[in-house]
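As stored in model_9.pdb (PDB, C-alpha atoms):
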```
ATOM      1  CA  MET A  28       4.934   9.736 -11.669
ATOM      2  CA  VAL A  29       1.497   9.465 -10.060
ATOM      3  CA  SER A  30      -0.857  12.159  -8.776
ATOM      4  CA  LEU A  31      -3.136  11.269  -5.849
ATOM      5  CA  ASP A  32      -6.169  13.059  -4.421
ATOM      6  CA  ARG A  33      -6.808  13.584  -0.685
ATOM      7  CA  GLY A  34      -8.235  10.068  -0.498
ATOM      8  CA  LEU A  35      -4.899   8.749  -1.842
ATOM      9  CA  ARG A  36      -6.602   7.525  -5.022
ATOM     10  CA  VAL A  37      -4.874   7.728  -8.400
ATOM     11  CA  VAL A  38      -6.132  10.713 -10.427
ATOM     12  CA  ALA A  39      -3.308  11.048 -12.960
ATOM     13  CA  ALA A  40      -0.264   9.013 -13.858
ATOM     14  CA  ASN A  41       2.537   8.495 -16.281
ATOM     15  CA  GLN A  42       0.828   5.995 -18.580
ATOM     16  CA  GLU A  43       4.108   4.372 -19.613
ATOM     17  CA  MET A  44       4.858   3.468 -16.007
ATOM     18  CA  PHE A  45       1.500   1.764 -15.549
ATOM     19  CA  ARG A  46       1.769  -0.018 -18.898
ATOM     20  CA  ARG A  47       5.116  -1.511 -17.904
ATOM     21  CA  MET A  48       4.121  -2.144 -14.337
ATOM     22  CA  CYS A  49       0.678  -3.612 -14.640
ATOM     23  CA  ASP A  50       0.214  -4.586 -18.275
ATOM     24  CA  ILE A  51      -3.071  -2.691 -18.033
ATOM     25  CA  GLY A  52      -4.161   0.748 -19.102
ATOM     26  CA  PHE A  53      -4.405   3.892 -17.032
ATOM     27  CA  GLY A  54      -8.196   3.707 -17.060
ATOM     28  CA  ASP A  55      -8.026   0.502 -15.042
ATOM     29  CA  VAL A  56      -5.793   2.108 -12.387
ATOM     30  CA  CYS A  57      -7.404   5.558 -12.239
ATOM     31  CA  GLY A  58      -9.545   5.886  -9.121
ATOM     32  CA  SER A  59      -7.943   2.964  -7.318
ATOM     33  CA  ALA A  60      -6.246   3.372  -3.948
ATOM     34  CA  PHE A  61      -2.521   3.827  -4.563
ATOM     35  CA  CYS A  62      -1.486   2.028  -1.368
ATOM     36  CA  ASP A  63      -3.359  -1.095  -2.527
ATOM     37  CA  LEU A  64      -0.847  -1.336  -5.384
ATOM     38  CA  LEU A  65       2.056  -1.559  -2.925
ATOM     39  CA  ASP A  66       3.574  -4.738  -1.536
ATOM     40  CA  GLY A  67       1.782  -5.678   1.683
ATOM     41  CA  SER A  68       4.928  -5.522   3.793
ATOM     42  CA  ILE A  69       5.225  -1.749   3.373
ATOM     43  CA  ARG A  70       1.622  -0.757   2.640
ATOM     44  CA  THR A  71       0.764   0.296   6.207
ATOM     45  CA  ARG A  72       3.939   2.353   6.714
ATOM     46  CA  VAL A  73       3.594   4.178   3.371
ATOM     47  CA  ARG A  74      -0.103   4.892   4.032
ATOM     48  CA  HIS A  75       0.833   6.343   7.441
ATOM     49  CA  GLN A  76       3.520   8.560   5.876
ATOM     50  CA  MET A  77       1.084   9.764   3.201
ATOM     51  CA  GLU A  78      -1.519  10.603   5.837
ATOM     52  CA  ARG A  79       1.145  12.713   7.570
ATOM     53  CA  LEU A  80       1.637  14.549   4.260
ATOM     54  CA  LEU A  81      -2.088  15.227   3.986
ATOM     55  CA  ASP A  82      -2.206  16.520   7.577
ATOM     56  CA  GLY A  83       0.670  18.923   6.854
ATOM     57  CA  GLN A  84       2.982  17.229   9.364
ATOM     58  CA  GLN A  85       5.730  16.818   6.763
ATOM     59  CA  PRO A  86       6.255  18.189   3.232
ATOM     60  CA  ARG A  87       7.680  14.982   1.701
ATOM     61  CA  PHE A  88       9.043  11.543   2.452
ATOM     62  CA  GLN A  89      11.107   8.893   0.732
ATOM     63  CA  GLU A  90      10.840   5.115   0.941
ATOM     64  CA  ARG A  91      13.545   2.807  -0.397
ATOM     65  CA  SER A  92      13.034  -0.554  -2.097
ATOM     66  CA  VAL A  93       9.344  -0.284  -2.851
ATOM     67  CA  ALA A  94       7.570  -2.949  -4.896
ATOM     68  CA  ILE A  95       4.408  -1.994  -6.752
ATOM     69  CA  ALA A  96       2.486  -5.092  -7.791
ATOM     70  CA  GLY A  97       0.962  -5.579 -11.189
ATOM     71  CA  ALA A  98      -0.678  -8.443 -13.025
ATOM     72  CA  GLY A  99       2.005 -11.120 -12.719
ATOM     73  CA  SER A 100       4.891  -8.677 -12.366
ATOM     74  CA  SER A 101       6.108  -5.778 -10.255
ATOM     75  CA  LEU A 102       8.002  -2.544 -10.530
ATOM     76  CA  ARG A 103      10.684  -1.912  -7.899
ATOM     77  CA  GLY A 104      12.409   1.286  -6.981
ATOM     78  CA  ASP A 105      12.643   4.186  -4.566
ATOM     79  CA  LEU A 106       9.446   6.101  -3.889
ATOM     80  CA  MET A 107       9.365   9.829  -3.148
ATOM     81  CA  ALA A 108       6.071  11.509  -2.222
ATOM     82  CA  THR A 109       5.483  15.263  -1.970
ATOM     83  CA  ALA A 110       2.451  17.103  -0.612
ATOM     84  CA  ILE A 111       0.783  19.513  -3.039
ATOM     85  CA  ALA A 112      -0.661  22.569  -1.288
ATOM     86  CA  ARG A 113      -2.816  25.162  -2.990
ATOM     87  CA  ASN A 114      -5.308  27.520  -1.366
ATOM     88  CA  ALA A 115      -4.036  28.940   1.922
ATOM     89  CA  GLY A 116      -1.546  26.122   2.314
ATOM     90  CA  ARG A 117      -4.225  23.395   2.404
ATOM     91  CA  VAL A 118      -2.834  20.097   1.083
ATOM     92  CA  GLU A 119      -4.885  19.068  -1.950
ATOM     93  CA  GLY A 120      -3.087  15.865  -2.867
ATOM     94  CA  VAL A 121       0.181  14.016  -3.237
ATOM     95  CA  VAL A 122       2.581  13.545  -6.131
ATOM     96  CA  VAL A 123       4.500  10.257  -6.088
ATOM     97  CA  VAL A 124       7.638   9.593  -8.112
ATOM     98  CA  LEU A 125       9.026   6.072  -8.402
ATOM     99  CA  ARG A 126      12.654   5.911  -9.496
ATOM    100  CA  THR A 127      13.687   2.575 -10.879
ATOM    101  CA  GLY A 128      17.112   1.329 -11.871
ATOM    102  CA  ASP A 129      15.585  -0.705 -14.671
ATOM    103  CA  ALA A 130      12.130   0.127 -15.989
ATOM    104  CA  GLU A 131      11.372  -3.431 -17.071
ATOM    105  CA  PRO A 132       9.016  -5.406 -14.880
ATOM    106  CA  SER A 133      10.448  -8.117 -12.718
ATOM    107  CA  THR A 134       8.731 -11.461 -12.760
ATOM    108  CA  ALA A 135      10.794 -12.683  -9.804
ATOM    109  CA  TRP A 136       8.251 -11.126  -7.453
ATOM    110  CA  SER A 137       4.761 -12.037  -8.503
ATOM    111  CA  GLY A 138       2.780 -10.637  -5.627
ATOM    112  CA  PRO A 139       1.841 -12.255  -2.357
ATOM    113  CA  ARG A 140       1.532 -16.006  -2.235
ATOM    114  CA  ARG A 141      -0.848 -17.405   0.325
ATOM    115  CA  ILE A 142       1.352 -20.116   1.744
ATOM    116  CA  LEU A 143       0.729 -19.812   5.493
ATOM    117  CA  SER A 144      -2.176 -21.266   7.414
ATOM    118  CA  ASP A 145      -3.700 -19.177  10.184
ATOM    119  CA  MET A 146      -1.851 -21.279  12.788
ATOM    120  CA  ASP A 147       1.442 -20.942  10.864
ATOM    121  CA  ALA A 148       1.011 -17.171  10.933
ATOM    122  CA  LYS A 149       0.360 -17.139  14.691
ATOM    123  CA  ILE A 150       3.378 -19.381  15.349
ATOM    124  CA  LEU A 151       5.586 -17.209  13.116
ATOM    125  CA  GLU A 152       4.421 -14.033  14.880
ATOM    126  CA  GLY A 153       5.118 -15.627  18.268
ATOM    127  CA  VAL A 154       8.593 -16.803  17.315
ATOM    128  CA  ALA A 155       9.382 -13.367  15.844
ATOM    129  CA  SER A 156       8.291 -11.637  19.045
ATOM    130  CA  GLY A 157      10.583 -13.879  21.120
ATOM    131  CA  ALA A 158       7.929 -16.079  22.758
ATOM    132  CA  SER A 159       9.160 -19.419  24.065
ATOM    133  CA  THR A 160       7.636 -22.754  23.094
ATOM    134  CA  VAL A 161       5.831 -22.908  26.473
ATOM    135  CA  GLN A 162       4.450 -19.360  26.056
ATOM    136  CA  LEU A 163       3.241 -20.144  22.535
ATOM    137  CA  ALA A 164       1.652 -23.402  23.701
ATOM    138  CA  SER A 165      -0.229 -21.569  26.440
ATOM    139  CA  THR A 166      -1.355 -18.714  24.187
ATOM    140  CA  LEU A 167      -2.410 -20.884  21.239
ATOM    141  CA  PHE A 168      -3.905 -23.745  23.322
ATOM    142  CA  LEU A 169      -1.466 -26.299  21.929
ATOM    143  CA  SER A 170       0.890 -28.750  23.586
ATOM    144  CA  ARG A 171       4.613 -28.015  23.528
ATOM    145  CA  GLY A 172       4.942 -30.831  20.999
ATOM    146  CA  GLY A 173       2.250 -29.200  18.853
ATOM    147  CA  VAL A 174       4.162 -25.917  18.801
ATOM    148  CA  GLU A 175       7.404 -27.724  17.942
ATOM    149  CA  TYR A 176       5.584 -29.610  15.163
ATOM    150  CA  HIS A 177       4.419 -26.323  13.591
ATOM    151  CA  VAL A 178       7.837 -24.680  13.993
ATOM    152  CA  THR A 179       9.535 -27.691  12.370
ATOM    153  CA  ALA A 180       7.011 -27.602   9.497
ATOM    154  CA  LEU A 181       7.737 -23.884   8.969
ATOM    155  CA  LEU A 182      11.491 -24.545   9.008
ATOM    156  CA  ARG A 183      11.037 -27.155   6.277
ATOM    157  CA  LYS A 184       8.627 -25.031   4.248
ATOM    158  CA  MET A 185      11.024 -22.061   4.307
ATOM    159  CA  ARG A 186      14.099 -24.287   3.890
ATOM    160  CA  VAL A 187      16.014 -22.905   6.867
ATOM    161  CA  LYS A 188      17.765 -24.591   9.806
ATOM    162  CA  ASN A 189      16.801 -22.615  12.893
ATOM    163  CA  ARG A 190      14.382 -20.043  14.334
ATOM    164  CA  PRO A 191      16.519 -16.936  13.721
ATOM    165  CA  ALA A 192      16.948 -17.951  10.071
ATOM    166  CA  LEU A 193      13.198 -18.578   9.853
ATOM    167  CA  ILE A 194      12.377 -15.063  11.012
ATOM    168  CA  SER A 195      15.061 -13.482   8.818
ATOM    169  CA  LYS A 196      13.738 -15.290   5.764
ATOM    170  CA  ALA A 197      10.138 -14.394   6.641
ATOM    171  CA  TYR A 198      11.100 -10.696   6.836
ATOM    172  CA  SER A 199      13.048 -10.879   3.569
ATOM    173  CA  MET A 200      10.076 -12.496   1.815
ATOM    174  CA  GLY A 201       7.781  -9.697   3.017
ATOM    175  CA  PHE A 202       5.695 -11.854   5.358
ATOM    176  CA  PHE A 203       5.755  -9.249   8.150
ATOM    177  CA  GLU A 204       4.506  -5.686   8.130
ATOM    178  CA  LEU A 205       7.606  -3.544   8.458
ATOM    179  CA  GLY A 206       7.755  -1.191  11.408
ATOM    180  CA  SER A 207       5.127  -2.988  13.511
ATOM    181  CA  TRP A 208       5.634  -4.439  16.988
ATOM    182  CA  PRO A 209       4.798  -7.071  17.894
ATOM    183  CA  PRO A 210       5.473  -8.521  14.447
ATOM    184  CA  GLN A 211       2.345  -9.155  12.394
ATOM    185  CA  VAL A 212       2.079 -11.360   9.310
ATOM    186  CA  VAL A 213       0.643  -9.528   6.302
ATOM    187  CA  PRO A 214      -2.858 -10.989   5.750
ATOM    188  CA  ASP A 215      -2.137 -11.404   2.009
ATOM    189  CA  HIS A 216       0.165 -14.328   2.864
ATOM    190  CA  VAL A 217      -2.377 -16.304   4.924
ATOM    191  CA  LYS A 218      -4.699 -18.900   3.353
TER     192      LYS A 218
END
```
In structure tokens, what does this structure look like?
Amino acid sequence: MVSLDRGLRVVAANQEMFRRMCDIGFGDVCGSAFCDLLDGSIRTRVRHQMERLLDGQQPRFQERSVAIAGAGSSLRGDLMATAIARNAGRVEGVVVVLRTGDAEPSTAWSGPRRILSDMDAKILEGVASGASTVQLASTLFLSRGGVEYHVTALLRKMRVKNRPALISKAYSMGFFELGSWPPQVVPDHVK
């Protein structure tokens, strides 16, 4: 459980959760922006939902399959956030509860890896939005062969056989911000 102020900064937390999640003490997390602890692929959407809580537009929300990153490990689970109102119904903060199936940290997800170049990211965004090779070549000032070269390199890097599999794998690895259109690569994954 985590308590956040109106700036969505951590003011109180279940110390056991942060010990298991981050291998650091509460003092190191206190005052930090909660959304910065979230995986980049969902950070924007969760921040938007929390801002809606603060504005009184909704009393609570739930997000499934959330990963909170720590030092070399992460804690995964379902997040539920509730607005805390006090004087005259004014929202003073947010309480966040993370329910995990297993409280032990997972080392399978070790935070974002910067494996994409800037051009790779632009090509991936274009392919995900449905742009053709000719459209990408025109937009990115490359030849058609240059676009195909980058697409082929991405297919090899991601170990997939075709463009739909490339985009599916990119989404599953958290390369794209969820809920955004056109698709945008999370900056944490770009060198």
Between CA of Ile150 in chain A and CA of Lys184 in chain A, measure the distance and give it in Å to one decimal. 13.5 Å
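Checking A:Asp147, A:Leu125, A:Leu81, A:Gly201 one by one against Leu182 in chain A, counting all atoms listed in the file, you find the shortest gap at A:Asp147.
CA of Asp105 in chain A is found 21.2 Å from CA of Val213 in chain A.
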Residue members of the PyMOL selection byres ((chain A and resi 39) around 6) in the file shown, as a VMD selection string: chain A and resid 29 to 30 37 to 38 40
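Listed by chain and then by number, the residues chosen by the PyMOL selection byres ((chain A and resi 118-123) around 6) in this file are Met28, Val29, Ser30, Leu31, Asp32, Arg33, Leu81, Met107, Ala108, Thr109, Ala110, Ile111, Ala112, Arg117 and Val124 of chain A.
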Carefully work through the PyMOL selection byres ((chain A and resi 212) around 8) for this structure and note down the residues it includes, as a ChimeraX atom specification. /A:148,151-152,202-204,210-211,213-214,216-217
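Separating CA of Ser207 in chain A from CA of Ala155 in chain A is a distance of 11.5 Å.
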Specify the axis-aligned box that encloses all atoms of range 102-112 of chain A listed in the file after padding of 8 Å on each side, stating its centre and edge lengths in Å to one decimal as lines of an AutoDock Vina configuration file.
```
center_x = 6.0
center_y = 10.0
center_z = -5.6
size_x = 29.3
size_y = 41.1
size_z = 25.9
```
For range 160-164 of chain A, please output as a VMD selection string all residues within 12 Å (counting all atoms listed in the file; exclusion window: fewer than 2 positions along the same chain). chain A and resid 146 to 147 149 to 158 166 to 179 190
Which polymer residues have any atom within 8 Å of an atom of Leu193 in chain A, counting all atoms listed in the file, with same-chain residues fewer than 5 positions away left out, as a count of residues only? 5
